[in-house]
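Structure below is upload_22.txt: compact mmCIF, C-alpha atoms and all ligand atoms.
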```
# COMPACT_ATOMS: atom_id res chain seq x y z
CA MET A 34 83.38 79.94 177.46
CA ASN A 35 83.08 78.72 181.02
CA LYS A 36 79.72 76.96 180.97
CA LYS A 37 77.61 77.62 184.06
CA GLY A 38 80.24 77.47 186.80
CA LEU A 39 83.07 79.67 187.91
CA PHE A 40 86.70 78.76 187.24
CA ILE A 41 89.42 80.46 189.31
CA THR A 42 93.12 79.63 189.24
CA PHE A 43 95.83 80.29 191.83
CA GLU A 44 99.30 80.93 190.44
CA GLY A 45 102.66 82.01 191.77
CA ALA A 46 106.19 80.90 192.55
CA ASP A 47 106.97 77.93 194.76
CA GLY A 48 106.65 79.24 198.32
CA SER A 49 104.19 81.99 197.41
CA GLY A 50 101.55 80.59 199.78
CA LYS A 51 98.97 80.09 197.02
CA SER A 52 97.82 76.67 198.28
CA THR A 53 96.98 78.10 201.72
CA GLN A 54 95.13 80.97 200.05
CA LEU A 55 93.21 78.54 197.86
CA LYS A 56 91.94 76.68 200.95
CA MET A 57 90.91 79.95 202.60
CA ALA A 58 89.09 81.10 199.44
CA ALA A 59 87.29 77.72 199.28
CA GLU A 60 85.92 78.34 202.79
CA PHE A 61 84.78 81.80 201.73
CA PHE A 62 82.74 80.33 198.85
CA GLN A 63 81.38 77.46 200.97
CA ASN A 64 80.19 79.89 203.63
CA LYS A 65 78.30 81.73 200.93
CA GLY A 66 76.56 78.49 199.96
CA PHE A 67 78.42 77.67 196.73
CA GLU A 68 79.41 74.15 195.79
CA VAL A 69 83.19 74.26 195.59
CA ILE A 70 85.73 71.88 194.12
CA THR A 71 89.42 72.37 194.86
CA THR A 72 91.93 70.74 192.59
CA ARG A 73 95.51 71.04 191.38
CA ASP A 74 97.56 71.01 188.23
CA PRO A 75 99.52 68.76 187.89
CA GLY A 76 97.85 65.86 189.71
CA GLY A 77 94.12 66.64 189.73
CA THR A 78 93.14 63.15 188.46
CA PRO A 79 94.36 59.59 189.19
CA LEU A 80 96.25 59.55 185.86
CA GLY A 81 97.55 63.04 186.57
CA GLN A 82 98.92 61.93 189.94
CA LYS A 83 101.21 59.48 188.17
CA ILE A 84 102.38 62.22 185.80
CA ARG A 85 102.92 64.55 188.78
CA GLU A 86 105.13 61.96 190.44
CA ILE A 87 107.37 61.82 187.35
CA LEU A 88 107.45 65.60 186.99
CA LEU A 89 108.39 66.36 190.58
CA HIS A 90 110.53 63.38 191.49
CA HIS A 91 112.13 61.84 188.39
CA ASP A 92 115.78 61.41 189.24
CA GLY A 93 117.72 62.35 186.14
CA LYS A 94 117.62 64.62 183.14
CA VAL A 95 114.21 65.64 181.79
CA ALA A 96 114.24 67.27 178.34
CA SER A 97 112.45 70.65 178.32
CA TYR A 98 109.89 69.52 175.76
CA CYS A 99 109.30 66.28 177.64
CA GLU A 100 108.60 68.34 180.76
CA LEU A 101 106.24 70.65 178.86
CA PHE A 102 104.30 67.81 177.27
CA LEU A 103 103.92 65.99 180.57
CA TYR A 104 102.34 69.09 182.11
CA LEU A 105 100.14 69.41 179.03
CA ALA A 106 99.14 65.74 179.11
CA ASP A 107 98.14 66.09 182.74
CA ARG A 108 96.14 69.22 181.89
CA ALA A 109 94.29 67.57 178.99
CA GLN A 110 93.12 64.78 181.29
CA HIS A 111 92.25 67.19 184.11
CA VAL A 112 90.15 69.49 181.91
CA GLU A 113 88.20 66.66 180.31
CA GLU A 114 87.75 64.42 183.35
CA LYS A 115 87.17 66.96 186.09
CA ILE A 116 87.07 70.66 185.24
CA ILE A 117 84.57 70.79 182.36
CA PRO A 118 82.06 68.40 184.01
CA ALA A 119 82.14 70.44 187.24
CA LEU A 120 81.66 73.71 185.37
CA GLU A 121 78.74 72.21 183.49
CA GLU A 122 77.19 71.37 186.87
CA GLY A 123 77.53 75.01 187.87
CA LYS A 124 80.22 74.48 190.51
CA VAL A 125 82.99 76.81 191.62
CA ILE A 126 86.36 75.29 190.72
CA LEU A 127 89.47 76.55 192.47
CA CYS A 128 92.58 75.20 190.81
CA ASP A 129 96.14 75.33 192.16
CA ARG A 130 98.12 76.27 188.98
CA TYR A 131 97.02 75.96 185.35
CA ILE A 132 97.99 77.35 181.90
CA ASP A 133 99.97 80.33 183.23
CA SER A 134 102.41 78.07 185.10
CA SER A 135 103.45 76.42 181.83
CA VAL A 136 104.10 79.83 180.30
CA ALA A 137 106.03 81.10 183.35
CA TYR A 138 108.04 77.93 184.11
CA GLN A 139 108.57 76.24 180.74
CA GLY A 140 108.45 79.52 178.77
CA TYR A 141 110.01 82.41 180.69
CA ALA A 142 112.23 80.27 182.95
CA ARG A 143 113.08 77.21 180.86
CA GLY A 144 113.29 79.25 177.65
CA LEU A 145 110.76 77.50 175.40
CA ASP A 146 108.74 79.65 173.00
CA VAL A 147 105.92 81.39 174.86
CA ASP A 148 103.57 81.64 171.86
CA GLU A 149 104.08 77.96 171.12
CA ILE A 150 103.19 77.07 174.72
CA SER A 151 100.07 79.25 174.60
CA MET A 152 98.96 77.51 171.41
CA LEU A 153 99.52 74.07 172.96
CA ASN A 154 97.68 75.18 176.11
CA ASN A 155 94.71 76.12 173.92
CA ILE A 156 94.72 72.71 172.27
CA VAL A 157 94.80 70.64 175.47
CA THR A 158 92.28 72.80 177.32
CA ARG A 159 90.01 73.31 174.31
CA SER A 160 90.58 77.00 174.94
CA LEU A 161 89.15 76.86 178.45
CA VAL A 162 90.50 80.04 180.09
CA PRO A 163 89.81 80.79 183.78
CA ASN A 164 87.27 83.48 184.66
CA LEU A 165 89.78 84.85 187.13
CA THR A 166 93.41 84.16 188.02
CA PHE A 167 95.34 85.22 191.11
CA VAL A 168 99.09 85.60 190.92
CA PHE A 169 100.62 85.52 194.40
CA ASP A 170 103.73 87.60 194.02
CA VAL A 171 106.50 87.09 196.53
CA SER A 172 110.18 88.09 196.64
CA THR A 173 112.54 85.26 195.75
CA GLU A 174 114.10 85.51 199.24
CA VAL A 175 110.79 85.09 201.08
CA ALA A 176 109.79 82.26 198.74
CA GLU A 177 113.06 80.45 199.41
CA GLN A 178 112.52 80.63 203.18
CA ARG A 179 108.97 79.28 202.86
CA VAL A 180 109.99 76.34 200.64
CA GLY A 181 112.52 75.21 203.27
CA GLU A 182 115.07 72.42 202.94
CA THR A 183 113.04 69.61 201.37
CA LYS A 184 112.78 70.47 197.69
CA ASP A 185 111.24 68.74 194.68
CA ARG A 186 112.79 68.75 191.19
CA LEU A 187 111.48 72.19 190.20
CA GLU A 188 112.08 73.78 193.59
CA SER A 189 115.72 72.67 193.34
CA GLU A 190 116.33 74.92 190.33
CA ALA A 191 118.72 77.88 190.75
CA LYS A 192 117.62 81.26 192.11
CA GLU A 193 117.84 82.76 188.62
CA PHE A 194 115.22 80.25 187.38
CA HIS A 195 112.82 81.34 190.13
CA GLN A 196 113.42 85.00 189.36
CA LYS A 197 112.45 84.35 185.75
CA VAL A 198 109.31 82.51 186.89
CA ARG A 199 108.35 85.53 188.99
CA PHE A 200 108.97 87.94 186.11
CA GLY A 201 106.95 85.64 183.81
CA PHE A 202 103.87 85.75 186.03
CA LEU A 203 104.09 89.54 186.38
CA ASP A 204 104.44 89.95 182.63
CA LEU A 205 101.42 87.71 182.03
CA ALA A 206 99.42 89.86 184.46
CA LYS A 207 100.32 92.93 182.39
CA LYS A 208 99.20 91.19 179.22
CA PHE A 209 95.87 90.00 180.66
CA PRO A 210 94.90 92.63 183.26
CA ASP A 211 91.19 91.76 183.18
CA ARG A 212 91.75 88.11 184.01
CA ILE A 213 94.94 88.12 186.12
CA LYS A 214 95.10 89.94 189.46
CA VAL A 215 98.42 90.26 191.27
CA ILE A 216 98.34 89.93 195.05
CA ASP A 217 101.27 90.95 197.28
CA ALA A 218 102.05 87.65 198.97
CA ASN A 219 104.94 88.99 201.09
CA GLN A 220 102.30 90.11 203.57
CA GLU A 221 100.97 87.98 206.42
CA ILE A 222 98.40 85.29 205.59
CA GLN A 223 95.25 87.10 206.79
CA LYS A 224 96.13 90.29 204.91
CA VAL A 225 96.76 88.33 201.71
CA HIS A 226 93.41 86.59 202.21
CA SER A 227 91.58 89.89 202.67
CA ASP A 228 93.16 91.20 199.43
CA VAL A 229 91.84 88.07 197.68
CA ILE A 230 88.36 88.59 199.11
CA LYS A 231 88.31 92.21 197.92
CA VAL A 232 88.97 91.04 194.36
CA LEU A 233 86.34 88.28 194.63
CA GLU A 234 83.73 90.67 195.97
CA ASN A 235 84.37 93.12 193.15
CA TYR A 236 84.14 90.30 190.66
P1 LIG A 301 102.89 72.68 193.00
O1 LIG A 301 101.70 71.78 193.00
O2 LIG A 301 102.67 74.11 193.30
O3 LIG A 301 103.98 72.09 193.95
P2 LIG A 301 103.95 72.04 195.54
O4 LIG A 301 102.83 71.11 195.92
O5 LIG A 301 105.32 71.53 195.87
O6 LIG A 301 103.71 73.45 196.01
O7 LIG A 301 103.53 72.63 191.53
C1 LIG A 301 104.34 71.67 191.09
C2 LIG A 301 105.55 72.24 190.37
O8 LIG A 301 105.35 72.16 188.96
C3 LIG A 301 105.89 73.69 190.69
O9 LIG A 301 107.28 73.77 190.93
C4 LIG A 301 105.58 74.41 189.41
C5 LIG A 301 105.72 73.39 188.34
N1 LIG A 301 104.86 73.57 187.14
C6 LIG A 301 105.45 73.81 185.90
O10 LIG A 301 106.68 73.92 185.80
N2 LIG A 301 104.65 73.92 184.80
C7 LIG A 301 103.30 73.79 184.86
O11 LIG A 301 102.61 73.88 183.82
C8 LIG A 301 102.70 73.54 186.15
C9 LIG A 301 101.23 73.39 186.26
C10 LIG A 301 103.52 73.44 187.26
```

Entire entry expressed as structure tokens:
Amino acid sequence: MNKKGLFITFEGADGSGKSTQLKMAAEFFQNKGFEVITTRDPGGTPLGQKIREILLHHDGKVASYCELFLYLADRAQHVEEKIIPALEEGKVILCDRYIDSSVAYQGYARGLDVDEISMLNNIVTRSLVPNLTFVFDVSTEVAEQRVGETKDRLESEAKEFHQKVRFGFLDLAKKFPDRIKVIDANQEIQKVHSDVIKVLENY
């Protein structure tokens, strides 16, 4: 149940280019006269920004469940404080990452139980599922080049971790083909954008 607005999420590996694509999609909607809000998960609220700081830059061991629950805590705040009110006002919300990232990163890559994560996602979001989700799929090699040398805590994980994240997103897209659309993000920026627009226009 997405109230009156439209809720679209942008997912993919680190270095997939999803944040650039989100900005370009926002312009597309604005040019068509929609009221657009862009936001991100984690860190879409003031409280969430503090959680994001811990998640990406804590120097030391973070237990897998601690990591999961921090992402979930951020999401609970984000949904209640920002996403639901905007949807009720009929806005278009474009969100950089959401529920599928927890399944791909903490589930497929970190090894926590995927069904358990989905259940917890439902609790903290009050079952708010996006209308549409893009997965920007990119080879691990291209992603690595795009991330560059300065890496946060998650980006510093081994190559194998990132391969599992990629597989996780692709598997989710197979499970939810109506909601999740995979875009080939190895292509150049404009071509990726035009693939996104094609999906939006069909939708
Ligand atoms: P992101 O905002 O994409 O980072 P950046 O601004 O560096 O591109 O995402 C932050 C990191 O958090 C990213 O490595 C993916 C990870 N993440 C999870 O592991 N689980 C989650 O539920 C979410 C939302 C993100």

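When the distance limit is 12 Å and all atoms listed in the file are what count, the residues near segment 80-83 of chain A, minus those fewer than 2 positions from it on the same chain, are Thr72, Arg73, Asp74, Pro75, Gly76, Gly77, Thr78, Arg85, Glu86, Ile87, Leu88, Leu89, His90, His91, Leu103, Tyr104, Leu105, Ala106, Asp107, Arg108, Ala109, Gln110, His111, Val112, Glu113, Glu114 and Lys115 of chain A.
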
Please return as a PyMOL selection string the residues found within 9 Å of ligand LIG 301 (chain A), counting all atoms listed in the file.
chain A and resi 44-52+73-76+85+88-89+100-101+103-105+107-108+129-139+142-143+180+184-189

Long-range neighbours of Leu39 of chain A as an NGL selection string, 7 Å cut-off, only C-alpha atoms, 4 positions minimum in chain:
:A and (35 or 120 or 124-126 or 164)

For Ala206 of chain A, list every protein, DNA or RNA residue within 12 Å, evaluated using only C-alpha atoms, and leave out those in the same chain fewer than 4 positions away; present the list as a tab-separated table (two decimals) with C-alpha atoms, in the coordinates of the input.
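out-v5.tsv written:
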```tsv
chain	number	residue	atom	x	y	z
A	44	GLU	CA	99.30	80.93	190.44
A	45	GLY	CA	102.66	82.01	191.77
A	133	ASP	CA	99.97	80.33	183.23
A	136	VAL	CA	104.10	79.83	180.30
A	137	ALA	CA	106.03	81.10	183.35
A	165	LEU	CA	89.78	84.85	187.13
A	166	THR	CA	93.41	84.16	188.02
A	167	PHE	CA	95.34	85.22	191.11
A	168	VAL	CA	99.09	85.60	190.92
A	169	PHE	CA	100.62	85.52	194.40
A	170	ASP	CA	103.73	87.60	194.02
A	199	ARG	CA	108.35	85.53	188.99
A	200	PHE	CA	108.97	87.94	186.11
A	201	GLY	CA	106.95	85.64	183.81
A	202	PHE	CA	103.87	85.75	186.03
A	210	PRO	CA	94.90	92.63	183.26
A	211	ASP	CA	91.19	91.76	183.18
A	212	ARG	CA	91.75	88.11	184.01
A	213	ILE	CA	94.94	88.12	186.12
A	214	LYS	CA	95.10	89.94	189.46
A	215	VAL	CA	98.42	90.26	191.27
A	216	ILE	CA	98.34	89.93	195.05
```

Expressed in Å, the length from atom CA of Gln54 of chain A to atom CA of His226 of chain A is 6.3 Å

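Our summary of the geometry notes that atom CA of Val69 of chain A is positioned 28.0 Å from atom CA of Ala176 of chain A.
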
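When atom CA of His195 of chain A is paired with atom CA of Glu177 of chain A, their separation reads 9.3 Å.
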
Of the residues A:Phe67, A:Tyr98, A:Phe61, A:Phe209, which is the one nearest to Lys231 of chain A, using only C-alpha atoms?
A:Phe61
